[in-house]
$ cat work-v9.txt   # compact mmCIF, C-alpha atoms
# COMPACT_ATOMS: atom_id res chain seq x y z
CA MET Q 314 -2.21 -2.00 17.95
CA GLY Q 315 -3.23 0.26 15.10
CA VAL Q 316 -1.89 0.18 11.57
CA LEU Q 317 -0.59 2.68 9.01
CA LEU Q 318 -1.07 1.84 5.34
CA PRO Q 319 1.13 3.74 2.88
CA VAL Q 320 -0.92 3.57 -0.32
CA GLY Q 321 0.88 4.43 -3.53
CA THR Q 322 -1.34 5.75 -6.29
CA ARG Q 323 -0.95 7.10 -9.78
CA LYS Q 324 -1.55 10.57 -8.28
CA GLY Q 325 0.63 10.60 -5.17
CA LEU Q 326 0.83 8.89 -1.81
CA PHE Q 327 -2.00 8.43 0.68
CA LEU Q 328 -1.63 7.37 4.31
CA LEU Q 329 -4.48 5.42 5.87
CA ARG Q 330 -4.50 5.23 9.65
CA GLY Q 331 -6.65 2.67 11.42
CA ASP Q 332 -6.23 2.92 15.16
CA ASP Q 333 -8.84 0.23 15.72
CA ARG Q 334 -8.61 -1.24 12.18
CA GLU Q 335 -12.32 -0.50 11.73
CA SER Q 336 -12.48 3.24 11.13
CA TRP Q 337 -9.90 4.80 8.84
CA GLU Q 338 -8.43 8.26 8.53
CA VAL Q 339 -7.14 9.16 5.07
CA GLU Q 340 -4.29 11.66 4.64
CA GLY Q 341 -3.12 12.85 1.23
CA PRO Q 342 -2.29 13.17 -1.48
CA LEU Q 343 1.36 13.55 -0.52
CA LEU Q 344 4.08 13.70 -3.18
CA GLU Q 345 1.60 15.30 -5.56
CA GLY Q 346 2.59 14.92 -9.17
CA TRP Q 347 4.40 11.64 -8.60
CA ALA Q 348 3.14 8.15 -9.32
CA VAL Q 349 4.12 6.14 -6.26
CA TYR Q 350 4.89 2.62 -7.42
CA HIS Q 351 5.73 1.45 -3.88
CA ALA Q 352 6.08 3.00 -0.44
CA PHE Q 353 6.86 1.58 2.97
CA VAL Q 354 7.83 2.57 6.50
CA ASP Q 355 11.27 1.33 7.49
CA ALA Q 356 10.75 -0.31 10.89
CA ARG Q 357 14.40 0.37 11.77
CA ASP Q 358 14.07 4.14 11.96
CA GLY Q 359 10.50 5.06 11.00
CA THR Q 360 11.55 6.63 7.69
CA LEU Q 361 8.95 6.61 4.95
CA HIS Q 362 10.42 5.65 1.56
CA ALA Q 363 8.66 5.97 -1.79
CA ALA Q 364 9.57 4.82 -5.31
CA THR Q 365 8.38 7.79 -7.35
CA ASN Q 366 7.94 8.25 -11.08
CA ASN Q 367 6.85 11.12 -13.27
CA PRO Q 368 6.35 11.02 -17.05
CA PHE Q 369 8.14 14.36 -17.45
CA TYR Q 370 10.84 14.29 -14.77
CA GLY Q 371 11.82 10.63 -14.66
CA ALA Q 372 12.31 8.01 -11.97
CA THR Q 373 13.55 8.66 -8.47
CA VAL Q 374 13.08 7.88 -4.79
CA HIS Q 375 11.81 10.11 -1.98
CA ARG Q 376 12.29 9.74 1.77
CA SER Q 377 10.58 11.43 4.72
CA SER Q 378 11.72 11.35 8.33
CA ASP Q 379 8.64 13.12 9.69
CA GLY Q 380 5.77 10.95 8.53
CA GLY Q 381 5.35 12.56 5.13
CA LYS Q 382 5.40 16.27 6.03
CA ASN Q 383 8.75 16.93 4.36
CA TRP Q 384 10.45 14.93 1.64
CA GLU Q 385 14.00 14.57 0.35
CA ARG Q 386 14.71 13.29 -3.13
CA ALA Q 387 17.59 10.89 -3.75
CA GLU Q 388 20.72 12.83 -4.62
CA GLU Q 389 22.35 10.13 -6.68
CA LEU Q 390 20.46 7.52 -8.67
CA GLY Q 391 20.90 6.42 -12.25
CA LEU Q 392 22.62 4.15 -14.72
CA PRO Q 393 26.12 4.65 -16.13
CA GLU Q 394 26.35 7.88 -18.13
CA ASP Q 395 28.10 6.26 -21.07
CA GLY Q 396 25.67 3.36 -21.44
CA GLU Q 397 22.69 2.90 -23.71
CA LEU Q 398 20.25 2.00 -20.92
CA LYS Q 399 18.39 4.63 -18.92
CA LEU Q 400 16.56 4.27 -15.64
CA ASN Q 401 12.94 4.11 -16.79
CA ALA Q 402 11.19 3.58 -13.46
CA THR Q 403 11.71 2.78 -9.79
CA TRP Q 404 9.56 -0.11 -8.61
CA HIS Q 405 10.24 -1.50 -5.15
CA ILE Q 406 12.28 -0.62 -2.06
CA GLU Q 407 13.24 -3.33 0.42
CA PRO Q 408 15.12 -3.04 3.72
CA GLY Q 409 18.23 -5.18 3.81
CA ARG Q 410 20.75 -6.19 6.41
CA ASP Q 411 22.03 -3.72 8.98
CA SER Q 412 21.10 -0.31 7.61
CA GLU Q 413 21.13 -1.11 3.89
CA LEU Q 414 18.24 -0.53 1.50
CA TRP Q 415 17.66 -2.16 -1.87
CA LEU Q 416 15.79 -0.65 -4.80
CA GLY Q 417 14.49 -2.45 -7.87
CA GLY Q 418 13.83 -0.66 -11.12
CA ASP Q 419 13.35 -0.79 -14.86
CA PRO Q 420 15.27 -1.97 -16.97
CA GLY Q 421 15.85 -5.01 -14.73
CA VAL Q 422 18.18 -3.18 -12.36
CA LEU Q 423 18.95 -3.22 -8.66
CA PHE Q 424 20.51 -0.54 -6.47
CA ARG Q 425 21.83 -0.53 -2.91
CA SER Q 426 21.92 2.38 -0.49
CA ASP Q 427 24.01 2.52 2.65
CA ASP Q 428 22.97 6.01 3.68
CA GLY Q 429 19.25 5.63 4.19
CA GLY Q 430 18.24 6.20 0.59
CA ARG Q 431 20.12 9.42 -0.15
CA THR Q 432 22.47 7.84 -2.67
CA TRP Q 433 22.13 4.57 -4.56
CA GLN Q 434 24.81 2.35 -6.09
CA LEU Q 435 24.03 0.11 -9.05
CA ASN Q 436 24.38 -3.65 -8.52
CA GLU Q 437 26.87 -4.40 -11.28
CA ALA Q 438 26.47 -8.17 -11.19
CA LEU Q 439 22.79 -8.02 -12.12
CA PHE Q 440 23.30 -5.14 -14.53
CA GLU Q 441 25.96 -7.09 -16.43
CA HIS Q 442 24.37 -10.50 -16.03
CA PRO Q 443 25.48 -12.81 -18.85
CA THR Q 444 21.88 -13.72 -19.66
CA ARG Q 445 20.66 -10.11 -19.94
CA ASP Q 446 20.46 -10.24 -23.72
CA ARG Q 447 17.72 -12.88 -23.31
CA TRP Q 448 15.59 -10.74 -21.01
CA GLN Q 449 12.67 -8.85 -22.48
CA PRO Q 450 10.28 -6.29 -21.06
CA GLY Q 451 6.73 -7.25 -20.17
CA ALA Q 452 3.80 -4.91 -20.59
CA GLY Q 453 4.81 -3.05 -17.44
CA GLY Q 454 8.40 -2.68 -18.57
CA MET Q 455 11.39 -4.77 -17.52
CA CYS Q 456 10.98 -4.22 -13.84
CA THR Q 457 12.80 -5.58 -10.83
CA HIS Q 458 9.75 -5.68 -8.57
CA SER Q 459 10.48 -8.39 -6.01
CA ILE Q 460 13.43 -8.24 -3.62
CA GLN Q 461 13.66 -10.70 -0.74
CA LEU Q 462 16.41 -11.21 1.83
CA VAL Q 463 16.21 -14.23 4.09
CA ASP Q 464 19.13 -15.70 6.06
CA ASP Q 465 22.19 -15.49 3.82
CA ALA Q 466 20.27 -15.52 0.55
CA MET Q 467 18.84 -12.75 -1.57
CA TYR Q 468 16.26 -13.13 -4.32
CA VAL Q 469 14.98 -10.87 -7.07
CA GLY Q 470 12.06 -11.28 -9.46
CA ILE Q 471 12.18 -9.47 -12.79
CA SER Q 472 9.54 -9.24 -15.52
CA ALA Q 473 10.40 -10.78 -17.92
CA ALA Q 474 13.78 -12.12 -16.97
CA GLY Q 475 12.82 -14.56 -14.23
CA ALA Q 476 13.92 -15.17 -10.66
CA PHE Q 477 17.52 -14.98 -9.50
CA ARG Q 478 19.28 -15.89 -6.26
CA SER Q 479 22.45 -14.49 -4.76
CA GLU Q 480 24.34 -16.16 -1.95
CA ASP Q 481 27.16 -13.64 -1.77
CA GLY Q 482 25.34 -10.42 -0.99
CA GLY Q 483 24.62 -9.54 -4.60
CA SER Q 484 28.09 -10.16 -6.06
CA SER Q 485 26.71 -12.88 -8.33
CA TRP Q 486 23.24 -14.05 -9.38
CA ALA Q 487 22.06 -17.51 -10.42
CA PRO Q 488 18.82 -17.99 -12.42
CA ILE Q 489 16.32 -20.13 -10.48
CA ASN Q 490 13.60 -20.84 -13.01
CA GLN Q 491 13.59 -24.62 -13.36
CA HIS Q 492 10.08 -25.99 -14.12
CA VAL Q 493 8.67 -22.44 -14.39
CA ALA Q 494 6.82 -21.99 -17.67
CA ALA Q 495 7.30 -19.20 -20.18
CA GLU Q 496 4.54 -20.26 -22.55
CA PHE Q 497 4.99 -17.12 -24.63
CA MET Q 498 8.53 -18.22 -25.65
CA PRO Q 499 9.50 -20.71 -28.38
CA ASP Q 500 11.10 -22.84 -25.64
CA PRO Q 501 8.47 -22.87 -22.86
CA TYR Q 502 11.04 -23.79 -20.17
CA PRO Q 503 14.08 -21.58 -20.83
CA GLU Q 504 16.87 -20.83 -18.36
CA VAL Q 505 15.72 -17.19 -18.14
CA GLY Q 506 12.94 -15.06 -19.60
CA GLN Q 507 10.12 -16.13 -17.29
CA CYS Q 508 7.64 -13.44 -16.39
CA VAL Q 509 7.57 -13.37 -12.59
CA HIS Q 510 4.75 -11.16 -11.36
CA LYS Q 511 5.49 -11.37 -7.63
CA LEU Q 512 7.93 -13.46 -5.59
CA LEU Q 513 7.93 -13.90 -1.79
CA VAL Q 514 9.96 -16.00 0.63
CA HIS Q 515 8.49 -17.25 3.88
CA ALA Q 516 10.55 -15.70 6.65
CA LYS Q 517 10.06 -18.61 9.05
CA ARG Q 518 10.71 -21.30 6.46
CA PRO Q 519 13.36 -19.66 4.31
CA GLU Q 520 13.74 -22.53 1.86
CA ARG Q 521 10.08 -22.00 0.81
CA LEU Q 522 9.44 -19.52 -2.01
CA TRP Q 523 6.17 -18.62 -3.70
CA GLN Q 524 5.59 -16.83 -6.96
CA GLN Q 525 2.63 -15.62 -8.94
CA ASN Q 526 3.82 -15.81 -12.50
CA HIS Q 527 2.45 -14.82 -15.89
CA CYS Q 528 2.08 -18.57 -16.44
CA GLY Q 529 0.86 -19.98 -13.14
CA VAL Q 530 1.32 -19.99 -9.38
CA TYR Q 531 4.38 -21.80 -8.08
CA ARG Q 532 5.99 -22.96 -4.85
CA SER Q 533 9.57 -24.00 -4.24
CA ASP Q 534 10.76 -25.87 -1.16
CA ASP Q 535 14.45 -25.82 -2.09
CA ARG Q 536 15.24 -22.10 -2.28
CA GLY Q 537 14.15 -21.85 -5.87
CA ASP Q 538 16.21 -24.70 -7.29
CA THR Q 539 13.01 -26.36 -8.51
CA TRP Q 540 9.39 -25.19 -8.64
CA GLU Q 541 6.01 -26.91 -8.54
CA ARG Q 542 3.06 -25.42 -10.42
CA LEU Q 543 -0.01 -25.03 -8.22
CA ASP Q 544 -2.89 -23.72 -10.32
CA GLY Q 545 -5.69 -25.85 -11.77
CA ASN Q 546 -6.83 -27.04 -8.35
CA GLY Q 547 -9.38 -24.47 -7.31
CA LEU Q 548 -8.05 -21.31 -8.94
CA PRO Q 549 -10.24 -19.99 -11.76
CA THR Q 550 -7.21 -18.97 -13.86
CA SER Q 551 -3.44 -19.20 -13.66
CA PHE Q 552 -2.90 -15.49 -14.35
CA GLY Q 553 -2.62 -12.72 -11.78
CA PHE Q 554 -0.22 -10.34 -10.13
CA PRO Q 555 -0.42 -9.95 -6.32
CA LEU Q 556 0.61 -12.55 -3.75
CA ALA Q 557 0.47 -12.62 0.05
CA LEU Q 558 1.59 -15.09 2.70
CA ASP Q 559 0.82 -15.68 6.36
CA PRO Q 560 3.54 -14.50 8.76
CA ASP Q 561 3.48 -17.76 10.72
CA ASP Q 562 2.00 -20.55 8.59
CA PRO Q 563 4.16 -21.31 5.53
CA ASP Q 564 1.38 -23.41 3.97
CA VAL Q 565 -0.92 -20.39 3.60
CA ALA Q 566 -0.91 -18.08 0.57
CA TYR Q 567 -3.34 -15.71 -1.14
CA VAL Q 568 -3.71 -14.68 -4.78
CA ILE Q 569 -6.22 -12.58 -6.73
CA PRO Q 570 -6.49 -14.16 -10.19
CA GLU Q 571 -7.22 -12.17 -13.33
CA GLN Q 572 -9.15 -13.34 -16.36
CA SER Q 573 -6.16 -13.70 -18.70
CA GLN Q 574 -3.10 -11.97 -20.03
CA GLU Q 575 -5.33 -10.25 -22.57
CA HIS Q 576 -8.00 -9.27 -20.06
CA HIS Q 577 -6.54 -7.66 -16.96
CA TYR Q 578 -9.52 -7.73 -14.62
CA THR Q 579 -10.62 -10.08 -11.88
CA ALA Q 580 -11.41 -13.60 -13.05
CA GLU Q 581 -14.99 -14.63 -13.77
CA GLY Q 582 -16.23 -11.08 -13.22
CA ARG Q 583 -15.94 -11.18 -9.44
CA LEU Q 584 -13.45 -9.77 -6.96
CA GLY Q 585 -12.05 -13.09 -5.84
CA VAL Q 586 -9.33 -13.55 -3.25
CA TYR Q 587 -8.23 -17.19 -3.19
CA ARG Q 588 -6.58 -18.83 -0.20
CA THR Q 589 -4.64 -22.04 0.16
CA GLY Q 590 -3.96 -23.62 3.54
CA ASP Q 591 -2.16 -26.69 2.26
CA GLY Q 592 0.81 -25.31 0.39
CA GLY Q 593 -1.10 -24.77 -2.83
CA ALA Q 594 -2.55 -28.28 -3.20
CA SER Q 595 -6.01 -26.70 -3.16
CA TRP Q 596 -7.44 -23.18 -3.23
CA GLU Q 597 -10.69 -21.79 -1.88
CA LEU Q 598 -12.51 -18.55 -2.52
CA ALA Q 599 -12.11 -16.25 0.50
CA SER Q 600 -14.17 -13.26 -0.58
CA ASN Q 601 -16.79 -12.73 2.14
CA GLY Q 602 -17.79 -9.09 1.97
CA LEU Q 603 -16.26 -8.41 -1.45
CA PRO Q 604 -18.49 -7.50 -4.42
CA GLU Q 605 -19.70 -10.56 -6.26
CA ARG Q 606 -19.78 -8.77 -9.59
CA ALA Q 607 -16.65 -6.76 -10.28
CA TRP Q 608 -14.17 -6.23 -13.07
CA VAL Q 609 -11.26 -4.60 -11.27
CA ALA Q 610 -7.49 -5.04 -11.15
CA VAL Q 611 -5.11 -5.43 -8.25
CA LEU Q 612 -1.51 -4.76 -9.23
CA ARG Q 613 1.56 -6.67 -8.12
CA GLU Q 614 2.32 -4.33 -5.21
CA GLY Q 615 -1.34 -3.96 -4.30
CA LEU Q 616 -1.67 -6.74 -1.68
CA ALA Q 617 -0.08 -6.63 1.78
CA TYR Q 618 -0.32 -8.45 5.08
CA ASP Q 619 0.86 -8.25 8.66
CA ASP Q 620 0.25 -10.40 11.74
CA GLN Q 621 -3.29 -9.06 12.12
CA ALA Q 622 -4.81 -8.62 8.69
CA LEU Q 623 -4.67 -8.54 4.90
CA TYR Q 624 -5.02 -5.37 2.81
CA PHE Q 625 -5.37 -4.73 -0.91
CA GLY Q 626 -6.04 -1.81 -3.20
CA THR Q 627 -7.71 -1.76 -6.60
CA GLN Q 628 -7.10 0.18 -9.76
CA SER Q 629 -10.54 1.66 -9.18
CA GLY Q 630 -9.39 3.27 -5.93
CA SER Q 631 -10.74 1.07 -3.15
CA ILE Q 632 -8.83 -0.28 -0.17
CA TRP Q 633 -10.14 -3.54 1.28
CA THR Q 634 -9.04 -5.18 4.51
CA SER Q 635 -9.83 -8.43 6.28
CA PRO Q 636 -8.67 -10.04 9.50
CA ARG Q 637 -5.98 -12.66 9.03
CA GLY Q 638 -7.35 -15.66 7.19
CA ALA Q 639 -9.37 -13.48 4.78
CA THR Q 640 -12.50 -14.26 6.79
CA GLN Q 641 -14.44 -11.03 6.22
CA TRP Q 642 -13.54 -8.10 3.96
CA THR Q 643 -14.56 -4.50 4.56
CA GLU Q 644 -13.86 -1.41 2.47
CA ALA Q 645 -11.51 0.94 4.32
CA ALA Q 646 -11.47 3.68 1.66
CA ARG Q 647 -12.85 4.29 -1.80
CA ASP Q 648 -12.54 6.74 -4.69
CA LEU Q 649 -8.80 7.13 -4.36
CA PRO Q 650 -6.78 7.46 -7.57
CA PRO Q 651 -5.76 4.18 -9.21
CA ILE Q 652 -3.86 2.25 -6.54
CA LEU Q 653 -0.40 0.98 -7.39
CA SER Q 654 0.80 -0.30 -4.02
CA VAL Q 655 -0.21 -1.06 -0.45
CA GLU Q 656 2.01 -1.75 2.55
CA ALA Q 657 1.26 -2.09 6.27
CA ALA Q 658 3.19 -0.80 9.27
CA PRO Q 659 2.42 -0.79 13.00
CA ALA Q 660 1.12 2.54 14.25
CA MET W 1052 20.61 37.96 -14.14
CA ALA W 1053 18.35 35.61 -16.10
CA VAL W 1054 15.17 34.42 -14.44
CA VAL W 1055 14.10 30.76 -14.53
CA LEU W 1056 10.50 29.84 -13.70
CA LEU W 1057 9.55 26.29 -12.70
CA PRO W 1058 6.21 24.45 -12.87
CA ALA W 1059 4.54 23.30 -9.66
CA VAL W 1060 5.99 19.80 -9.29
CA LEU W 1061 9.54 21.01 -9.88
CA ALA W 1062 9.04 23.98 -7.56
CA ALA W 1063 7.94 21.59 -4.81
CA GLU W 1064 11.12 19.59 -5.38
CA ALA W 1065 13.14 22.79 -5.15
CA GLY W 1066 11.90 23.43 -1.63
CA GLY W 1067 8.91 25.45 -2.78
CA GLN W 1068 10.94 27.94 -4.82
CA LYS W 1069 9.39 28.67 -8.19
CA ARG W 1070 11.60 31.55 -9.37
CA PHE W 1071 15.38 31.54 -9.65
CA GLU W 1072 17.67 34.41 -10.61
CA LEU W 1073 20.82 33.00 -12.14
CA ASP W 1074 23.97 34.25 -13.77
CA ALA W 1075 24.01 32.07 -16.89
CA ALA W 1076 25.25 32.53 -20.46
CA THR W 1077 23.05 29.85 -22.03
CA VAL W 1078 19.86 27.90 -21.37
CA GLY W 1079 21.95 24.85 -20.52
CA ASP W 1080 24.03 26.82 -18.00
CA ALA W 1081 20.89 28.05 -16.32
CA LEU W 1082 19.12 24.70 -16.12
CA ARG W 1083 22.18 22.89 -14.80
CA GLN W 1084 22.44 25.31 -11.87
CA LEU W 1085 18.99 24.40 -10.62
CA PRO W 1086 18.57 22.13 -7.59
CA VAL W 1087 16.25 19.99 -9.73
CA GLN W 1088 18.71 19.54 -12.57
CA ASN W 1089 18.64 15.74 -12.22
CA LEU W 1090 14.90 15.83 -12.91
CA LEU W 1091 15.47 17.85 -16.08
CA PHE W 1092 18.39 15.84 -17.48
CA ASP W 1093 18.81 12.07 -17.82
CA GLU W 1094 21.94 10.08 -16.95
CA SER W 1095 23.61 11.09 -20.22
CA GLY W 1096 23.02 14.76 -19.67
CA HIS W 1097 20.25 14.99 -22.25
CA LEU W 1098 17.20 17.10 -21.51
CA ARG W 1099 14.29 14.74 -20.83
CA ARG W 1100 12.03 14.21 -23.82
CA LEU W 1101 8.83 15.73 -22.43
CA ILE W 1102 10.32 18.95 -21.10
CA ASN W 1103 9.83 22.13 -23.10
CA VAL W 1104 11.69 25.38 -22.51
CA PHE W 1105 10.45 28.85 -23.46
CA VAL W 1106 12.89 31.76 -23.58
CA ASP W 1107 11.19 35.15 -23.50
CA GLY W 1108 7.96 33.48 -24.56
CA ILE W 1109 9.40 31.58 -27.51
CA ASP W 1110 9.38 27.77 -27.56
CA VAL W 1111 13.02 26.83 -28.00
CA ARG W 1112 13.34 23.43 -29.66
CA GLY W 1113 15.87 21.24 -31.35
CA GLY W 1114 19.49 20.35 -30.83
CA ARG W 1115 20.63 23.90 -30.10
CA LEU W 1116 18.23 24.41 -27.24
CA LEU W 1117 20.80 24.17 -24.49
CA ASP W 1118 23.22 26.44 -26.36
CA GLU W 1119 20.65 29.19 -26.75
CA GLU W 1120 22.26 32.37 -25.44
CA LEU W 1121 20.60 34.29 -22.67
CA GLN W 1122 20.49 38.01 -22.14
CA ALA W 1123 20.80 39.62 -18.73
CA ASP W 1124 17.04 40.05 -18.56
CA SER W 1125 15.99 36.77 -20.21
CA GLU W 1126 13.10 34.81 -18.77
CA VAL W 1127 13.40 31.02 -19.06
CA ARG W 1128 10.20 29.10 -18.45
CA VAL W 1129 10.31 25.30 -17.97
CA VAL W 1130 7.10 23.56 -19.01
CA GLY W 1131 6.06 19.93 -19.12
CA ALA W 1132 4.94 19.04 -22.63
CA VAL W 1133 1.18 19.12 -23.07
CA ALA W 1134 0.02 15.52 -23.12
CA GLY W 1135 -3.37 13.90 -23.04
CA GLY W 1136 -6.67 15.07 -24.38
$ encode --input "work-v9.txt" --output "structure tokens"
Amino acid sequence: MGVLLPVGTRKGLFLLRGDDRESWEVEGPLLEGWAVYHAFVDARDGTLHAATNNPFYGATVHRSSDGGKNWERAEELGLPEDGELKLNATWHIEPGRDSELWLGGDPGVLFRSDDGGRTWQLNEALFEHPTRDRWQPGAGGMCTHSIQLVDDAMYVGISAAGAFRSEDGGSSWAPINQHVAAEFMPDPYPEVGQCVHKLLVHAKRPERLWQQNHCGVYRSDDRGDTWERLDGNGLPTSFGFPLALDPDDPDVAYVIPEQSQEHHYTAEGRLGVYRTGDGGASWELASNGLPERAWVAVLREGLAYDDQALYFGTQSGSIWTSPRGATQWTEAARDLPPILSVEAAPA
Amino acid sequence: MAVVLLPAVLAAEAGGQKRFELDAATVGDALRQLPVQNLLFDESGHLRRLINVFVDGIDVRGGRLLDEELQADSEVRVVGAVAGG
């Protein structure tokens, strides 16, 4: 089966089609003028959704029912008119239960749509969370960038507020940051304020969560109640943004470490993908085919996977793909605008 | 009827229409009739910070911008603020 990669860039959306996953057709830019922070194809109806942002015209969401030929902009999306907070950016769209969609944004907000993304309703429980006054924006803003729904639980990751879990469909949210460091805070282990960079739940082992954090890589085997730090055992640094899992093996994960919080480029001057096959007890370089000398950046939405392969995009405009296991990387496209996000869909 | 002209990104969002003829007494009346009004105004109804408006070639700025009266033959041009080098 072939694959379609919606690739969000700072200068619009590109669609990469790989019928044989070896040669790639590039279409775009679509949504010209919009920075596409995240885009995906909804497997339920084939609709293409994009979180779109423009420095002049604000933050919104676009949807296309015909593969990107025509686009509709959300009719209703924003924060309460009488409040002090404004919607600064849209970050991530996630399909939910039945026909619902969820949208994460800045400043640490979450929206739900029940009409396919035409209108969005603010999640009041997260917006009015009693710990909100202790949240603070990271360098990328205070973004809700990770949204996961598994079984009856829902999780969000917010920079820099931490991870939260809801067991009542979003009516209430509990912080789940125990043992997760916030080394930039006076108290390095606060209840909230951790800088989650990406959070994923393993669909086949729903009590297992992974996160790449500002301060380390972590795994939880109890739905986020407690976390174990996993760096220092093969990873060159603890800092990075993207994270990928394996659809079947919950002990497998991938990260792309960066040099440090001050130096946002790949660690040790090489484009290094690191893989663990033992739940994070050890990590090995899995970069066959990638440049050995490189100072690039892969953003938090820039790494994706499906049951066949892994895919990532760099800020310098390259798309790389490898068969599952990260055994051999090849460059699928280059010289695109700075890449913000990559997703994969069957085609 | 006043004429409102949109830049390319906004015209694309308005279904490809760049020019609108509108019956409007003020700049605010005209802009709020546009199908892209939620890209021009934030949640509080304030014009977004990086949007400039020219009326008959004159850059209209400041708090009275939206109250600026239009004539029947006024031309309102919406422009993204020049940014970058």
$ atom_distance --input "work-v9.txt" --atom1 "CA of Leu439 in chain Q" --atom2 "CA of Gly470 in chain Q"
11.5 Å
$ atom_distance --input "work-v9.txt" --atom1 "CA of His442 in chain Q" --atom2 "CA of Leu398 in chain Q"
14.0 Å
$ atom_distance --input "work-v9.txt" --atom1 "CA of Val586 in chain Q" --atom2 "CA of Glu656 in chain Q"
17.4 Å
$ residues_around --input "work-v9.txt" --residues "range 562-573 of chain Q" --least-positions-apart "6" --cutoff "9 Å" --atoms "only C-alpha atoms" --output "number ranges by chain"
Q: 515-518, 521, 523, 525, 530, 548-556, 579-582, 584-593, 596, 599, 609-611, 616, 638-639
$ residues_around --input "work-v9.txt" --residues "range 1093-1098 of chain W" --least-positions-apart "2" --cutoff "8 Å" --atoms "only C-alpha atoms" --output "PyMOL selection string"
(chain Q and resi 371+391-395+399) or (chain W and resi 1089-1091+1100+1102)
$ residues_around --input "work-v9.txt" --residues "Gly1131 in chain W" --least-positions-apart "4" --cutoff "7 Å" --atoms "all atoms listed in the file" --output "ChimeraX atom specification"
/Q:369 /W:1101-1103
$ residues_near_point --input "work-v9.txt" --point "(9.5, -7.4, -18.2)" --cutoff "9 Å" --atoms "only C-alpha atoms" --output "ChimeraX atom specification"
/Q:419-421,448-457,471-475,506-509
$ residues_near_point --input "work-v9.txt" --point "(9.3, 28.7, -8.1)" --cutoff "7 Å" --atoms "all atoms listed in the file" --output "number ranges by chain"
W: 1056-1057, 1062, 1067-1071
$ write_last_selection --input "work-v9.txt" --atoms "C-alpha atoms" --output "mmCIF file, keeping the file's coordinate frame"
data_model
loop_
_atom_site.group_PDB
_atom_site.id
_atom_site.type_symbol
_atom_site.label_atom_id
_atom_site.label_comp_id
_atom_site.auth_asym_id
_atom_site.auth_seq_id
_atom_site.Cartn_x
_atom_site.Cartn_y
_atom_site.Cartn_z
ATOM 1 C CA LEU W 1056 10.500 29.840 -13.700
ATOM 2 C CA LEU W 1057 9.550 26.290 -12.700
ATOM 3 C CA ALA W 1062 9.040 23.980 -7.560
ATOM 4 C CA GLY W 1067 8.910 25.450 -2.780
ATOM 5 C CA GLN W 1068 10.940 27.940 -4.820
ATOM 6 C CA LYS W 1069 9.390 28.670 -8.190
ATOM 7 C CA ARG W 1070 11.600 31.550 -9.370
ATOM 8 C CA PHE W 1071 15.380 31.540 -9.650
#
$ interface_residues --input "work-v9.txt" --of "chain Q" --to "chain W" --cutoff "10 Å" --atoms "only C-alpha atoms" --output "number ranges by chain"
Q: 344-347, 367-373, 383-401
$ write_last_selection --input "work-v9.txt" --atoms "C-alpha atoms" --output "PDB file, keeping the file's coordinate frame"
ATOM      1  CA  LEU Q 344       4.080  13.700  -3.180  1.00  0.00           C
ATOM      2  CA  GLU Q 345       1.600  15.300  -5.560  1.00  0.00           C
ATOM      3  CA  GLY Q 346       2.590  14.920  -9.170  1.00  0.00           C
ATOM      4  CA  TRP Q 347       4.400  11.640  -8.600  1.00  0.00           C
ATOM      5  CA  ASN Q 367       6.850  11.120 -13.270  1.00  0.00           C
ATOM      6  CA  PRO Q 368       6.350  11.020 -17.050  1.00  0.00           C
ATOM      7  CA  PHE Q 369       8.140  14.360 -17.450  1.00  0.00           C
ATOM      8  CA  TYR Q 370      10.840  14.290 -14.770  1.00  0.00           C
ATOM      9  CA  GLY Q 371      11.820  10.630 -14.660  1.00  0.00           C
ATOM     10  CA  ALA Q 372      12.310   8.010 -11.970  1.00  0.00           C
ATOM     11  CA  THR Q 373      13.550   8.660  -8.470  1.00  0.00           C
ATOM     12  CA  ASN Q 383       8.750  16.930   4.360  1.00  0.00           C
ATOM     13  CA  TRP Q 384      10.450  14.930   1.640  1.00  0.00           C
ATOM     14  CA  GLU Q 385      14.000  14.570   0.350  1.00  0.00           C
ATOM     15  CA  ARG Q 386      14.710  13.290  -3.130  1.00  0.00           C
ATOM     16  CA  ALA Q 387      17.590  10.890  -3.750  1.00  0.00           C
ATOM     17  CA  GLU Q 388      20.720  12.830  -4.620  1.00  0.00           C
ATOM     18  CA  GLU Q 389      22.350  10.130  -6.680  1.00  0.00           C
ATOM     19  CA  LEU Q 390      20.460   7.520  -8.670  1.00  0.00           C
ATOM     20  CA  GLY Q 391      20.900   6.420 -12.250  1.00  0.00           C
ATOM     21  CA  LEU Q 392      22.620   4.150 -14.720  1.00  0.00           C
ATOM     22  CA  PRO Q 393      26.120   4.650 -16.130  1.00  0.00           C
ATOM     23  CA  GLU Q 394      26.350   7.880 -18.130  1.00  0.00           C
ATOM     24  CA  ASP Q 395      28.100   6.260 -21.070  1.00  0.00           C
ATOM     25  CA  GLY Q 396      25.670   3.360 -21.440  1.00  0.00           C
ATOM     26  CA  GLU Q 397      22.690   2.900 -23.710  1.00  0.00           C
ATOM     27  CA  LEU Q 398      20.250   2.000 -20.920  1.00  0.00           C
ATOM     28  CA  LYS Q 399      18.390   4.630 -18.920  1.00  0.00           C
ATOM     29  CA  LEU Q 400      16.560   4.270 -15.640  1.00  0.00           C
ATOM     30  CA  ASN Q 401      12.940   4.110 -16.790  1.00  0.00           C
TER      31      ASN Q 401
END
